[in-house]
Amino acid sequence: MRQTQKAFEKIGKVLNNDYGQTPHLVNEDFSYYQATYSPHAISKDSIMTYIDEALPRKKIWINDDSYYLYDLSKHPDTPYNSLIFQTNGAVFKSEETTTKIIKRYFKLNTSYDIISILGKMIGIKKKVPYVLGNIQFGPEKGPSKDHVNWIGLHHIYNMETVGDQTYIHIHPDHELIIEMKVGPIKNMMDNAAAMVYIQQQLAIDMQRMFGSSTDLNPNSMISRIVEKNTYKFKRIYPLPWFLKMIYTVSKNIAMSALGIEEDVLEEHEMDYLYIKDLEDEEDEVHE
């Protein structure tokens with residue numbers, strides 16, 4: 001029994017990690033830069049040209065308009081580790097790796113760990129695309145052990161095989177030539193589409209489970225309490241809460257079957273909802 005309880009405690013610690021969004025801070029985004037539009041024709045033969053022409057950046061935040069993150073970490077002729085291509089024609093280079101750049105994007109949105117779990121639930125075990133509703137980025141290779149190229153799948157409108165290469169047409173007029181046949185790319189697109197569908201159904205189900213056609217009465221006590229205490233609550237992200245709910249229910253079913261008495265919600269778990277008082281944080285620092 002003790003081993004079972006320890007196992008649940010370990011899972012609980014994992015789920016208590018904040019897999020939701022972090023506040024979007026002011027950063028060096030691409031939106032301020034207005035590039036002169038010029039369609040890209042990206043291939044292994046044209047990369048050096050783009051390295052020479054790209055604008056250098058110390059730190060990069062990609063956005064929804066980024067369509068290709070190219071790994072330069074093994075390129076012998078440049079100190080830069082990545083190229084970033086934007087649909088507006090801009091190209092940026094950085095000493096940051098594609099891994100570091102894409103992880104920063106995950107941190108500003110939803111954890112790749114959570115997205116990977118959703119993929120594995122429907123049998124996607126390798127090269128799991130990062131799918132966040134209408135935004136999808138796919139790795140050309142497995143990203144767990146090395147820096148890789150990432151393609152903005154949401155910008156692809158057509159692709160075709162020419163010999164051992166795949167010509168990918170990016171909206172509006174860009175062309176990306178990948179050194180592989182179309183099969184693996186098509187498979188990644190199919191996987192991403194399946195994950196989009198799953199997320200759409202999750203969103204519908206969450207709305208059906210907790211939604212209501214009736215607005216909260218502004219004159220009720222509940223409404224006044226919620227309005228008064230809003231500043232105390234952390235920002236809530238449905239997926240981590242949904243997983244925590246499933247975990248709590250499963251834990252209590254197992255504990256009940258084993259004859260272990262335990263409350264559904266322990267007191268300390270309420271900390272997951274409320275922001276700590278500033279006085280408490282100061283006390284912890286001084287200790």
# chains A, B, ... in the order shown; residues from 1 in each chain; ligands from 1
$ select_by_dssp --residues "range 90-145 of chain A" --states "strand (DSSP E or B)" --output "ChimeraX atom specification"
/A:91-94,130-132,135-139
$ atom_distance --atom1 "CA of Asn109 in chain A" --atom2 "CA of Leu132 in chain A"
8.3 Å
$ residues_around --residues "Ile101 in chain A" --least-positions-apart "4" --cutoff "8 Å" --atoms "only C-alpha atoms" --output "list of chain:residue names"
A:Ile60, A:Trp61, A:Ile62, A:Glu96, A:Thr97, A:Tyr105
$ write_last_selection --atoms "N, CA, C and O atoms" --output "PDB file, in the first residue's frame"
ATOM      1  N   ILE A  60      15.371  35.249 -29.578  1.00  0.00           N
ATOM      2  CA  ILE A  60      14.280  35.210 -30.545  1.00  0.00           C
ATOM      3  C   ILE A  60      13.008  34.644 -29.922  1.00  0.00           C
ATOM      4  O   ILE A  60      13.029  33.604 -29.273  1.00  0.00           O
ATOM      5  N   TRP A  61      11.908  35.378 -30.138  1.00  0.00           N
ATOM      6  CA  TRP A  61      10.569  34.871 -29.837  1.00  0.00           C
ATOM      7  C   TRP A  61       9.875  34.641 -31.175  1.00  0.00           C
ATOM      8  O   TRP A  61       9.597  35.587 -31.905  1.00  0.00           O
ATOM      9  N   ILE A  62       9.602  33.394 -31.498  1.00  0.00           N
ATOM     10  CA  ILE A  62       8.848  33.139 -32.726  1.00  0.00           C
ATOM     11  C   ILE A  62       7.379  33.456 -32.463  1.00  0.00           C
ATOM     12  O   ILE A  62       6.937  33.562 -31.317  1.00  0.00           O
ATOM     13  N   GLU A  96      21.278  31.316 -30.719  1.00  0.00           N
ATOM     14  CA  GLU A  96      20.409  30.394 -29.985  1.00  0.00           C
ATOM     15  C   GLU A  96      20.069  29.195 -30.866  1.00  0.00           C
ATOM     16  O   GLU A  96      19.929  29.329 -32.083  1.00  0.00           O
ATOM     17  N   THR A  97      19.927  28.035 -30.269  1.00  0.00           N
ATOM     18  CA  THR A  97      19.554  26.842 -31.021  1.00  0.00           C
ATOM     19  C   THR A  97      18.052  26.829 -31.286  1.00  0.00           C
ATOM     20  O   THR A  97      17.278  27.510 -30.603  1.00  0.00           O
ATOM     21  N   TYR A 105       8.772  29.271 -27.023  1.00  0.00           N
ATOM     22  CA  TYR A 105       7.405  29.382 -27.548  1.00  0.00           C
ATOM     23  C   TYR A 105       6.459  28.481 -26.757  1.00  0.00           C
ATOM     24  O   TYR A 105       5.338  28.876 -26.423  1.00  0.00           O
TER      25      TYR A 105
END
$ closest_residue --among "A:Tyr130, A:Tyr197, A:Tyr50, A:Phe106" --to "Phe92 in chain A" --atoms "only C-alpha atoms"
A:Tyr50
$ closest_residue --among "A:Val91, A:Leu118, A:Met221, A:Ile151" --to "Ala194 in chain A" --atoms "only C-alpha atoms"
A:Leu118
$ residues_around --residues "Ser73 in chain A" --least-positions-apart "4" --cutoff "12 Å" --atoms "only C-alpha atoms" --output "VMD selection string"
chain A and resid 69 77 to 83 93 to 100 146 to 149
$ closest_residue --among "A:Thr230, A:Ser116, A:Thr214, A:Ser38" --to "Asn88 in chain A" --atoms "only C-alpha atoms"
A:Ser38
$ residues_around --residues "range 177-186 of chain A" --least-positions-apart "6" --cutoff "8 Å" --atoms "only C-alpha atoms" --output "ChimeraX atom specification"
/A:41-44,140,159-161,163-168
$ write_last_selection --atoms "C-alpha atoms" --output "PDB file, in the first residue's frame"
ATOM      1  CA  ALA A  41      13.087  29.530 -52.085  1.00  0.00           C
ATOM      2  CA  ILE A  42      14.730  27.547 -49.283  1.00  0.00           C
ATOM      3  CA  SER A  43      16.963  24.563 -50.010  1.00  0.00           C
ATOM      4  CA  LYS A  44      20.326  23.215 -48.865  1.00  0.00           C
ATOM      5  CA  GLU A 140      11.545  17.039 -39.276  1.00  0.00           C
ATOM      6  CA  MET A 159       3.373  19.730 -51.362  1.00  0.00           C
ATOM      7  CA  GLU A 160       4.768  17.333 -53.940  1.00  0.00           C
ATOM      8  CA  THR A 161       7.654  14.901 -54.412  1.00  0.00           C
ATOM      9  CA  GLY A 163      12.897  12.714 -56.886  1.00  0.00           C
ATOM     10  CA  ASP A 164      14.060  12.259 -53.299  1.00  0.00           C
ATOM     11  CA  GLN A 165      12.989  15.761 -52.340  1.00  0.00           C
ATOM     12  CA  THR A 166       9.697  17.257 -51.187  1.00  0.00           C
ATOM     13  CA  TYR A 167       8.640  20.674 -52.437  1.00  0.00           C
ATOM     14  CA  ILE A 168       6.487  22.347 -49.795  1.00  0.00           C
TER      15      ILE A 168
END
